[in-house]
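Data block for query04.txt (compact mmCIF, C-alpha atoms):
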```
# COMPACT_ATOMS: atom_id res chain seq x y z
CA MET J 1 65.67 10.73 109.87
CA LEU J 2 66.77 13.77 107.95
CA ASN J 3 64.91 13.54 104.67
CA SER J 4 66.41 16.81 103.47
CA ALA J 5 69.71 14.92 103.07
CA THR J 6 68.08 12.73 100.40
CA PHE J 7 66.91 15.76 98.42
CA HIS J 8 68.68 16.43 95.12
CA VAL J 9 67.99 18.59 92.10
CA THR J 10 70.17 17.88 89.07
CA THR J 11 70.19 18.39 85.29
CA PRO J 12 71.03 14.94 83.87
CA THR J 13 70.63 16.09 80.24
CA ASP J 14 70.20 19.38 78.38
CA ARG J 15 66.43 19.14 78.50
CA GLU J 16 65.83 17.55 81.88
CA ILE J 17 65.55 18.46 85.52
CA LEU J 18 65.61 15.55 87.98
CA VAL J 19 64.25 15.95 91.51
CA THR J 20 64.73 13.13 94.04
CA ARG J 21 63.62 12.95 97.68
CA ASP J 22 62.76 10.32 100.31
CA PHE J 23 59.67 10.53 102.51
CA ASN J 24 59.26 8.82 105.83
CA ALA J 25 55.82 7.41 104.98
CA PRO J 26 54.22 4.47 103.16
CA ILE J 27 53.71 4.80 99.43
CA ALA J 28 49.90 4.89 99.66
CA LEU J 29 50.01 8.08 101.72
CA VAL J 30 52.60 9.78 99.48
CA TRP J 31 50.50 8.84 96.44
CA ASP J 32 47.36 10.30 98.03
CA ALA J 33 49.19 13.51 98.94
CA MET J 34 50.33 13.87 95.31
CA THR J 35 47.05 13.05 93.56
CA LYS J 36 44.15 14.14 95.78
CA PRO J 37 43.27 17.84 95.33
CA GLU J 38 42.29 18.30 99.00
CA LEU J 39 45.79 17.13 100.01
CA LEU J 40 47.78 18.64 97.11
CA ASN J 41 46.56 22.11 97.97
CA ARG J 42 47.98 21.77 101.47
CA TRP J 43 51.62 21.54 100.41
CA LEU J 44 52.18 22.49 96.75
CA PHE J 45 52.56 26.23 97.26
CA GLY J 46 55.54 27.33 95.22
CA PRO J 47 57.80 30.08 96.53
CA PRO J 48 57.43 31.56 100.04
CA GLY J 49 54.41 33.83 100.32
CA TRP J 50 52.53 32.04 97.53
CA ALA J 51 49.35 30.05 98.13
CA MET J 52 47.41 27.66 95.96
CA THR J 53 44.11 29.16 94.83
CA VAL J 54 42.87 26.56 92.33
CA CYS J 55 43.47 22.81 92.51
CA ASP J 56 41.34 20.92 90.01
CA ASP J 57 42.89 17.54 89.63
CA ASP J 58 41.59 14.40 87.97
CA ALA J 59 44.49 11.96 88.31
CA ARG J 60 43.27 9.29 85.90
CA SER J 61 44.72 8.38 82.54
CA GLY J 62 43.35 11.08 80.19
CA GLY J 63 42.24 13.23 83.15
CA LYS J 64 43.02 16.93 83.27
CA PHE J 65 44.39 19.18 85.96
CA ARG J 66 44.71 22.89 86.50
CA TRP J 67 46.55 24.46 89.39
CA ALA J 68 46.82 28.16 90.16
CA TRP J 69 48.69 30.15 92.76
CA ARG J 70 48.66 33.72 93.99
CA GLY J 71 51.78 35.55 95.12
CA PRO J 72 52.37 38.06 97.91
CA ASN J 73 51.83 41.00 95.53
CA ALA J 74 48.66 39.46 94.02
CA GLU J 75 50.59 38.00 91.05
CA ASP J 76 48.87 35.01 89.50
CA MET J 77 50.53 31.91 88.18
CA ALA J 78 48.86 28.84 86.77
CA MET J 79 49.66 25.51 85.19
CA HIS J 80 47.51 22.95 83.40
CA GLY J 81 47.93 19.63 81.68
CA VAL J 82 46.72 16.13 80.99
CA TYR J 83 47.54 12.85 82.72
CA ARG J 84 48.97 10.42 80.17
CA GLU J 85 49.60 7.50 82.48
CA VAL J 86 48.46 6.87 86.06
CA ILE J 87 49.52 3.67 87.85
CA PRO J 88 48.61 3.84 91.55
CA PRO J 89 50.39 1.63 94.09
CA THR J 90 48.75 -1.71 94.97
CA HIS J 91 49.13 -4.04 97.94
CA ASN J 92 51.34 -6.34 95.89
CA SER J 93 53.46 -3.71 94.23
CA PRO J 94 55.31 -0.99 96.18
CA THR J 95 55.76 1.18 93.11
CA ALA J 96 53.64 3.84 91.43
CA ARG J 97 54.02 5.90 88.31
CA LEU J 98 52.43 8.98 86.87
CA VAL J 99 53.10 10.81 83.59
CA ARG J 100 51.52 14.16 82.78
CA THR J 101 51.98 17.12 80.48
CA GLU J 102 52.42 20.54 82.10
CA SER J 103 52.01 23.95 80.51
CA PHE J 104 52.64 27.13 82.44
CA GLU J 105 50.29 30.07 82.19
CA PHE J 106 51.26 33.53 83.27
CA GLY J 107 48.15 35.57 82.77
CA CYS J 108 47.50 34.42 79.22
CA THR J 109 51.13 34.10 78.10
CA ALA J 110 52.41 30.57 77.98
CA GLN J 111 55.90 30.35 79.44
CA SER J 112 57.87 27.78 77.58
CA GLY J 113 55.78 25.22 75.77
CA GLU J 114 54.72 21.93 77.17
CA GLN J 115 56.88 19.89 79.51
CA LEU J 116 56.50 16.18 80.21
CA VAL J 117 56.67 15.18 83.85
CA THR J 118 57.25 11.62 85.03
CA LEU J 119 56.81 10.80 88.70
CA THR J 120 57.81 7.45 90.14
CA LEU J 121 57.43 6.35 93.75
CA THR J 122 59.08 3.28 95.26
CA GLU J 123 58.62 2.10 98.83
CA ARG J 124 61.22 0.20 100.78
CA ALA J 125 60.97 -0.52 104.51
CA GLY J 126 58.43 2.23 105.09
CA ILE J 127 60.45 4.87 103.22
CA THR J 128 59.05 6.12 99.92
CA SER J 129 61.52 7.43 97.35
CA LEU J 130 60.32 10.01 94.87
CA ARG J 131 61.84 10.55 91.45
CA LEU J 132 60.47 13.43 89.40
CA THR J 133 61.76 14.02 85.88
CA ILE J 134 60.79 17.23 84.11
CA LEU J 135 61.49 16.98 80.37
CA SER J 136 61.35 20.37 78.63
CA PRO J 137 60.78 20.87 74.88
CA SER J 138 64.22 22.48 74.54
CA ARG J 139 67.28 23.42 76.53
CA GLU J 140 66.19 27.05 76.45
CA ALA J 141 62.80 26.10 77.92
CA ARG J 142 64.45 24.10 80.67
CA ASP J 143 66.81 26.95 81.47
CA ALA J 144 63.86 29.34 81.60
CA THR J 145 62.09 27.06 84.07
CA ILE J 146 65.12 27.05 86.33
CA ALA J 147 65.58 30.79 85.84
CA SER J 148 61.99 31.28 87.01
CA GLY J 149 63.29 30.10 90.39
CA MET J 150 65.64 33.05 90.30
CA GLU J 151 62.77 35.36 89.47
CA TYR J 152 60.77 34.06 92.43
CA GLY J 153 63.92 34.29 94.49
CA ILE J 154 63.98 38.00 93.88
CA ALA J 155 60.25 38.31 94.59
CA ALA J 156 60.59 36.33 97.81
CA GLY J 157 63.75 38.09 98.88
CA TYR J 158 65.80 34.98 99.47
CA ASP J 159 68.79 35.84 101.55
CA ARG J 160 71.00 33.44 99.68
CA LEU J 161 70.32 34.95 96.31
CA GLU J 162 72.78 37.76 96.89
CA GLU J 163 75.37 35.22 97.92
CA ILE J 164 75.00 32.97 94.89
CA LEU J 165 74.66 35.52 92.11
CA PRO J 166 78.24 36.80 92.37
CA THR J 167 79.38 33.27 91.45
CA LEU J 168 78.00 33.98 87.99
CA ALA J 169 80.48 36.81 87.55
CA MET Z 1 77.42 42.63 105.60
CA VAL Z 2 80.33 42.65 103.20
CA ALA Z 3 79.81 45.23 100.49
CA ASP Z 4 79.17 43.46 97.24
CA LYS Z 5 80.62 45.19 94.22
CA SER Z 6 79.77 42.59 91.60
CA PRO Z 7 78.82 44.43 88.41
CA THR Z 8 77.35 41.17 87.04
CA LEU Z 9 75.08 40.89 90.05
CA ASP Z 10 73.90 44.46 89.53
CA ARG Z 11 73.25 43.85 85.85
CA VAL Z 12 71.30 40.61 86.42
CA PHE Z 13 69.15 42.20 89.15
CA HIS Z 14 68.56 45.28 87.05
CA ALA Z 15 67.65 43.19 83.99
CA LEU Z 16 65.17 40.99 85.86
CA ALA Z 17 63.64 43.90 87.75
CA HIS Z 18 61.48 45.02 84.80
CA PRO Z 19 58.28 43.11 83.85
CA ALA Z 20 58.82 43.76 80.12
CA ARG Z 21 62.24 42.16 80.27
CA ARG Z 22 60.91 39.16 82.15
CA ALA Z 23 58.22 38.87 79.47
CA ILE Z 24 60.91 38.97 76.78
CA LEU Z 25 62.81 36.16 78.53
CA ARG Z 26 59.63 34.08 78.72
CA GLN Z 27 58.98 34.62 75.02
CA LEU Z 28 62.51 33.66 74.13
CA SER Z 29 62.27 30.53 76.25
CA SER Z 30 60.34 28.78 73.47
CA LYS Z 31 62.52 29.84 70.53
CA GLU Z 32 64.83 32.39 68.98
CA GLN Z 33 62.86 35.44 67.84
CA ASN Z 34 63.51 38.64 65.97
CA LEU Z 35 62.82 42.06 67.45
CA SER Z 36 59.47 42.51 65.63
CA GLU Z 37 58.22 39.15 66.89
CA LEU Z 38 59.30 40.14 70.38
CA SER Z 39 57.83 43.63 70.41
CA ALA Z 40 54.38 42.86 68.91
CA PRO Z 41 52.81 40.77 71.71
CA LEU Z 42 54.25 43.18 74.28
CA ARG Z 43 52.54 46.10 72.49
CA MET Z 44 55.90 47.80 72.52
CA SER Z 45 57.63 49.87 69.89
CA PHE Z 46 60.60 48.39 68.07
CA PRO Z 47 63.11 50.83 69.68
CA ALA Z 48 61.66 50.15 73.15
CA ALA Z 49 62.04 46.39 72.66
CA SER Z 50 65.56 46.91 71.37
CA LYS Z 51 66.41 48.93 74.47
CA HIS Z 52 65.16 46.17 76.78
CA VAL Z 53 67.06 43.56 74.80
CA ARG Z 54 70.22 45.64 75.20
CA VAL Z 55 69.80 45.56 78.99
CA LEU Z 56 69.34 41.77 78.86
CA GLU Z 57 72.42 41.45 76.64
CA ARG Z 58 74.53 43.40 79.12
CA ALA Z 59 73.43 40.96 81.85
CA LYS Z 60 74.39 38.10 79.51
CA LEU Z 61 70.85 36.74 79.70
CA VAL Z 62 70.20 37.23 75.98
CA ARG Z 63 72.40 37.03 72.92
CA ARG Z 64 71.59 38.95 69.74
CA ARG Z 65 72.86 38.09 66.26
CA VAL Z 66 72.29 40.14 63.15
CA VAL Z 67 71.30 38.34 59.96
CA GLY Z 68 70.90 40.82 57.12
CA ARG Z 69 68.51 43.42 58.54
CA THR Z 70 67.05 41.09 61.14
CA HIS Z 71 68.11 41.08 64.77
CA LEU Z 72 67.65 37.57 66.13
CA CYS Z 73 67.55 37.18 69.90
CA ARG Z 74 67.99 34.05 71.94
CA ILE Z 75 68.02 33.32 75.63
CA GLU Z 76 71.50 32.71 76.99
CA GLY Z 77 71.16 30.01 79.62
CA LYS Z 78 74.68 28.65 79.43
CA PRO Z 79 76.56 30.98 81.79
CA LEU Z 80 73.86 30.23 84.36
CA ALA Z 81 73.34 26.55 83.58
CA ASP Z 82 77.00 25.74 84.07
CA THR Z 83 76.85 27.02 87.61
CA SER Z 84 75.37 24.50 89.99
CA GLU Z 85 74.39 27.36 92.30
CA TRP Z 86 71.98 28.43 89.62
CA LEU Z 87 69.73 25.57 90.66
CA GLU Z 88 69.71 26.76 94.24
CA THR Z 89 66.67 29.06 94.17
CA TYR Z 90 64.73 26.55 92.07
CA ARG Z 91 65.72 23.91 94.60
CA LYS Z 92 64.49 26.10 97.46
CA VAL Z 93 60.99 26.23 96.02
CA TRP Z 94 60.83 22.42 96.04
CA GLU Z 95 62.51 22.16 99.41
CA ALA Z 96 59.86 24.29 101.10
CA ASN Z 97 57.09 22.28 99.41
CA PHE Z 98 58.60 18.96 100.45
CA GLU Z 99 59.04 20.08 104.05
CA ARG Z 100 55.35 20.97 104.12
CA LEU Z 101 54.61 17.57 102.60
CA ASP Z 102 56.64 15.85 105.38
CA GLY Z 103 54.34 17.53 107.91
CA LEU Z 104 51.20 16.51 106.04
CA LEU Z 105 52.41 12.89 105.77
CA ASP Z 106 53.05 12.76 109.53
CA GLU Z 107 49.51 13.97 110.06
CA LEU Z 108 48.11 11.35 107.63
CA LYS Z 109 50.11 8.60 109.36
CA GLN Z 110 48.44 9.50 112.66
CA THR Z 111 44.93 9.35 111.24
CA HIS Z 112 45.62 6.06 109.41
CA LYS Z 113 46.88 4.27 112.51
```
Let me see the structure of the file written as structure tokens.
Amino acid sequence: MLNSATFHVTTPTDREILVTRDFNAPIALVWDAMTKPELLNRWLFGPPGWAMTVCDDDARSGGKFRWAWRGPNAEDMAMHGVYREVIPPTHNSPTARLVRTESFEFGCTAQSGEQLVTLTLTERAGITSLRLTILSPSREARDATIASGMEYGIAAGYDRLEEILPTLA
Amino acid sequence: MVADKSPTLDRVFHALAHPARRAILRQLSSKEQNLSELSAPLRMSFPAASKHVRVLERAKLVRRRVVGRTHLCRIEGKPLADTSEWLETYRKVWEANFERLDGLLDELKQTHK
């Protein structure tokens, strides 16, 4: 199955980014991969050439996390926050939910205030659907978060960047 | 490759190519700020900050309005936000992560059998 076909990034409101994606795995495994530090640090890398250098994660209600990455030119990027709500999947219920605050750090300059991230997972017939909503404090903050993708795009030398930027003209 | 003569492309690349200008964009991402507020944390002179803001204005990434003697600057996301392609590089970051996650999940499925 081509899971990439189920992958969508949209902006449902002025302050939100919505990411959806299906995974060909049971919910318990997807949950583990998203909440256990020793698994998180194997896939959550950011842009090409970046690697995760810190993954402290305490996915319990009230627990804190801090993630950091290092880029190809030794740039550092970090994010921290607090888990507000953590509902793991159970045998009876094929759904899971996680709410956490996220603040970017770039060196010691915060990027754009605190964003609120809600993750829901739902399993159906062995396929787990992910829904990730990133709620920014303002439209400007949301736009800056998306624009950071463009900044990384330049750093990573995405081929497509040159193709898409002229559409802004 | 087809020669690309998009002046907008050149201006956006040029504007984002300087760390001070990226820092200004990050500062403006939280709220509208005047030039003094912008220049202080960057340890930059007022004219230097103004010069960087001018480059960002030309790329349509920042808009400046003058109120009395104050120059208020705000990030201009709209021309970008209205273009769905704008999401593409952001999307790519997630796409690469999720493809790695697919591989990890396959591995976990094997060990949990």
Residue neighbourhood Arg22 of chain Z, 10 Å, all atoms listed in the file, exclusion window fewer than 4 positions, as an MDAnalysis selection string: (chainID J and resid 148 151) or (chainID Z and resid 15:18 26:28 52 56)
Padding 8 Å on each side, edges along x, y and z: where is the centre of the box around the listed atoms of segment 24-38 of chain Z, and how long are its edges in Å to one decimal? Output it as lines of an AutoDock Vina configuration file.
```
center_x = 61.5
center_y = 35.6
center_z = 72.2
size_x = 22.6
size_y = 29.7
size_z = 29.1
```
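Near (72.6, 41.5, 83.6), the residues inside the 6 Å limit, counting only C-alpha atoms, come to Thr8, Arg11, Val12, Ala15, Leu56, Arg58, Ala59 and Lys60 of chain Z.
When only C-alpha atoms are used to measure the gap to Gly49 of chain J, the shortest distance among J:Ala74, J:Val86, J:Met34, J:Ala68 belongs to J:Ala74.
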Neighbour residues at most 9 Å from (69.5, 34.8, 70.0) (only C-alpha atoms) as a count of residues only: 15
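With distances taken over only C-alpha atoms, Z:Tyr90 is the one residue among Z:Met44, Z:Glu107, Z:Tyr90, Z:Glu95 lying closest to chain J.
Taking atom CA of Trp31 of chain J and atom CA of Ser4 of chain J as endpoints, the distance between them is 19.1 Å.
Between atom CA of Glu88 of chain Z and atom CA of Leu101 of chain Z there is a distance of 19.6 Å.
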Just the residues within 12 Å of Ser61 of chain J, please, counting only C-alpha atoms, with nothing from its chain fewer than 6 positions along; format it as a ChimeraX atom specification. /J:81-88,97-101
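The spacing separating atom CA of Cys55 of chain J from atom CA of Thr10 of chain J amounts to 27.4 Å.
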Using all atoms listed in the file, which protein or nucleic acid residues come within 10 Å of Ile17 of chain J? Drop anything in the same chain fewer than 5 positions from it, and give the result as a ChimeraX atom specification. /J:9-12,117,132-136,142-143,145-146 /Z:87
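Summary of the local environment: counting all atoms listed in the file, residues at most 10 Å from Leu121 of chain J, other than itself and those fewer than 3 positions away along its chain, are Thr20, Arg21, Asp22, Phe23, Ile27, Ala28, Val30, Trp31, Pro88, Pro89, Pro94, Thr95, Ala96, Arg97, Leu98, Thr128, Ser129, Leu130, Arg131 and Leu132 of chain J.
Candidate residues Z:Ala96, Z:Pro19, Z:Gly103, Z:Leu108 were compared for distance to Phe45 of chain J, and the nearest is Z:Ala96, using all atoms listed in the file.
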